[in-house]
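Down below is the structure, laid out as structure tokens.
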Amino acid sequence: MKSLRQKELLHFHLTFLLFHFQFNLKDKTAADNMFTALFVAAVAVLSPSSTCAFAPTSSGRVPTSIRMNALDDFMKNFGGAAGSKSERVAVIAGATGYIGKSTVRESVRQGYKTVALVRDKSKVESEGGKMLYGTFFEGAEIVECDVCDAEKLTATFKDISSQYNGKIDAVVSCLASRSGIKKDAYAIDYQATLNCLESGRAVGARHFVLLSAFCVKNPWLQFQQAKLKFEAALEAQKDMTYSIVRPTAFFKSVSGQLEVIQSGAPFVMFGDGEVTRCNPISEADLATYLIDCINDKSRLNKIISLGGPDEPLTMKKQGEMLYSAIGKEPNFFYAPLWLFDVIIDSLQWVADTFNSEKFENAAELGRIGKYYAVEDMLTTDPEEKFGTMTLQEHYNKIAVEGQEYDPYTTMFAKAPAKKVEEEVKEKIAP
């Protein structure tokens with residue numbers, strides 16, 4: 001154990017070296033690298049209570065976040081290192097969505113000044129909103145704007161940039177159309193996302209992180225075409241660097257039958273239940289990956305397919321896991337795949353015959369359903385698998401706690417919004 005005097009002398013010499021290398025080396029990159037190395041060494045030596053979170057995850061990866069108890073004290077004493085995350089601004093579009101709100105929370109957790117763009121600020125900041133969104137927006141600045149209004153969105157970005165000394169480090173788009181039909185897809189997956197890109201370029205934002213979708217690799221749906229059209233626009237521009245992340249599937253998209261089987265109905269699958277395989281990723285793990293893209297140079301100007309840590313899971317296997325979570329014996333219903341073709345062709349015939357947009361949209365929803373019944377959403381390369389939470393762990397959790405209501409994936413769940421509304425009315429009732 002070093003004596004107090006020895007530690008004081010070591011503190012002096014290391015501090016001198018730190019600032020000598022930071023401010024006197026001509027090569028700025030070399031200076032930054034040397035500064036970082038010496039800083040880590042100084043903290044490790046001077047603070048026996050330091051703890052570094054280098055433990056590998058279950059997928060074999062090492063988390064990018066490093067937490068040291070001595071770091072805060074050092075920054076307080078010396079004013080902070082140049083370019084620290086606390087000086088960087090991340091703007092999150094689609095902040096109230098399933099992945100968006102987790103991304104806001106992760107951005108705050110990683111130390112960014114986080115600006116969450118929302119359509120209706122009152123829905124987040126009201127008493128009901130706080131009950132609905134919990135801690136997702138704590139520490140973030142909530143800014144109301146309409147991403148579909150390009151002119152107003154750019155004005156909002158300029159206000160944000162001005163507030164933070166002309167600097168927006170990253171724009172993270174978690175925007176996605178709710179239904180996937182053509183009108184919604186091109187309005188959100190393409191145009192609104194393009195508006196965010198153009199607004200970012202207008203204020204000199206550095207990096208654009210796009211939440212895309214794995215399924216665009218084999219596109220025969222409208223929303224896939226819309227996403228690819230935006231991806232092309234993002235790759236073509238030269239003002240901002242980018243990272244395009246294509247997740248295989250979200251946990252909620254493979255959890256929609258929980259309430260069905262809890263009620264006693266069978267788990268429905270298509271074909272023999274072995275037609276497709278997937279490895280979905282949790283919202284928290286995906287949010288971490290998205291925010292890590294901001295400063296990970298290995299992901300610069302890359303398109304990245306991304307799945308969770310699970311091995312390939314068939315539909316039948318997912319059903320078995322879900323039954324295991326609720327403690328019931330499996331009860332499966334096998335639906336033939338040709339049903340999709342009969343339904344889709346019938347709806348499309350009506351749409352074409354009567355020039356009906358309503359039936360055209362219904363046919364497209366049928367095509368979306370068929371797509372996910374016959375196409376793998378799977379990554380097998382270790383570099384394309386990320387996270388620590390498995391699907392079984394997720395199923396075990398929602399079997400006890402319930403899950404968030406979504407009209408497109410959990411149509412039999414109880415909508416939290418209604419529950420919140422009821423609780424708020426009870427609180428304010430005389």
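In the structure tokens, each chain is lettered A, B, ... as it comes, each chain's residues begin at 1, and ligands are numbered from 1 in order of appearance.
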* Asked: Contacts of A:Gly387 at 6 Å or less, counting only C-alpha atoms, minus same-chain residues fewer than 3 places along, as a PyMOL selection string?
  -> chain A and resi 285+308-309
Based on the selection just made, write N, CA, C and O atoms of those residues as a compact mmCIF listing (two decimals), in the first residue's frame.
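The resulting again25.txt:
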# COMPACT_ATOMS: atom_id res chain seq x y z
N ASP A 285 -31.07 -3.54 -25.23
CA ASP A 285 -29.83 -3.88 -25.92
C ASP A 285 -29.72 -3.12 -27.24
O ASP A 285 -28.64 -2.62 -27.60
N GLY A 308 -30.21 -10.49 -31.61
CA GLY A 308 -29.91 -10.70 -30.20
C GLY A 308 -29.02 -11.91 -29.98
O GLY A 308 -28.55 -12.54 -30.92
N PRO A 309 -28.77 -12.26 -28.71
CA PRO A 309 -27.82 -13.32 -28.38
C PRO A 309 -28.33 -14.74 -28.57
O PRO A 309 -27.56 -15.69 -28.49
Just the residues within 9 Å of A:Glu138, please, counting only C-alpha atoms, with nothing from its chain fewer than 3 positions along; format it as a short mmCIF file (atom, residue, chain, number, x, y, z; two decimals) with N, CA and C atoms, in the first residue's frame.
data_model
loop_
_atom_site.label_atom_id
_atom_site.label_comp_id
_atom_site.auth_asym_id
_atom_site.auth_seq_id
_atom_site.Cartn_x
_atom_site.Cartn_y
_atom_site.Cartn_z
N VAL A 104 -33.76 7.13 -25.74
CA VAL A 104 -33.63 8.37 -24.96
C VAL A 104 -32.99 8.07 -23.61
N ARG A 105 -33.50 7.07 -22.94
CA ARG A 105 -32.96 6.70 -21.62
C ARG A 105 -31.49 6.30 -21.71
N VAL A 108 -29.20 9.37 -22.23
CA VAL A 108 -28.99 10.07 -20.97
C VAL A 108 -28.02 9.28 -20.09
N GLY A 134 -42.93 6.50 -17.32
CA GLY A 134 -42.04 6.23 -16.20
C GLY A 134 -40.78 7.09 -16.22
N THR A 135 -39.64 6.42 -16.16
CA THR A 135 -38.36 7.13 -16.07
C THR A 135 -37.66 7.28 -17.42
N GLU A 141 -34.17 16.61 -22.37
CA GLU A 141 -34.97 17.80 -22.70
C GLU A 141 -36.02 17.38 -23.72
#
* Asked: Got a sec: who's within 8 Å of A:Ser212, counting only C-alpha atoms, leaving out chain neighbours fewer than 4 positions off, as a list in words?
  -> Lys227, Ile244, Val245, Arg246 and Pro247 of chain A
Deliver the residues from the most recent selection as a file, using C-alpha atoms, as a CSV table (one decimal), in the first residue's frame.
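Everything below was put into out-v2.csv:
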chain,number,residue,atom,x,y,z
A,227,LYS,CA,-36.9,2.6,-45.9
A,244,ILE,CA,-27.5,2.2,-40.5
A,245,VAL,CA,-28.7,-0.5,-38.0
A,246,ARG,CA,-31.0,-3.2,-39.3
A,247,PRO,CA,-32.4,-5.2,-36.3
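Here atom CA of A:Arg206 stands at a distance of 6.8 Å from atom CA of A:Ile168.
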* May I ask which of the residues A:Met321, A:Ala362, A:Leu228, A:Gln392 is the closest one to A:Ile303, counting only C-alpha atoms? => A:Leu228
* A:Ala116 surroundings by only C-alpha atoms, 7 Å radius, close-in-sequence under 4 positions cut, as a ChimeraX atom specification -> /A:91-93,95,104,140-143
* Hey, what's within 10 Å of A:Gly273 if we count only C-alpha atoms and toss same-chain stuff fewer than 4 positions away? As a PyMOL selection string, please? -> chain A and resi 268-269+277+314-319+332-335+373
* To do: Going by DSSP on the backbone, which bits of stretch 63-291 of chain A are strand (DSSP E)? Write them as a PyMOL selection string, please.
  => chain A and resi 89-93+113-118+141-144+170-173+207-211+241-247+267-270+277-278
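For the pair atom CA of A:Gly166 and atom CA of A:Ser243, the interatomic distance is 22.3 Å.
One distance worth recording is that between atom CA of A:Ala226 and atom CA of A:Asp189, which is 5.8 Å.
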* What are the DSSP alpha helix (DSSP H) residues of stretch 152-342 of chain A, as a PyMOL selection string? -> chain A and resi 152-163+182-184+193-202+222-236+258-262+283-292+315-326+338-342
* To do: Rank nothing, just name the residue among A:Phe354, A:Ile181, A:Glu364, A:Thr241 nearest to A:Asp341, using only C-alpha atoms.
  => A:Glu364
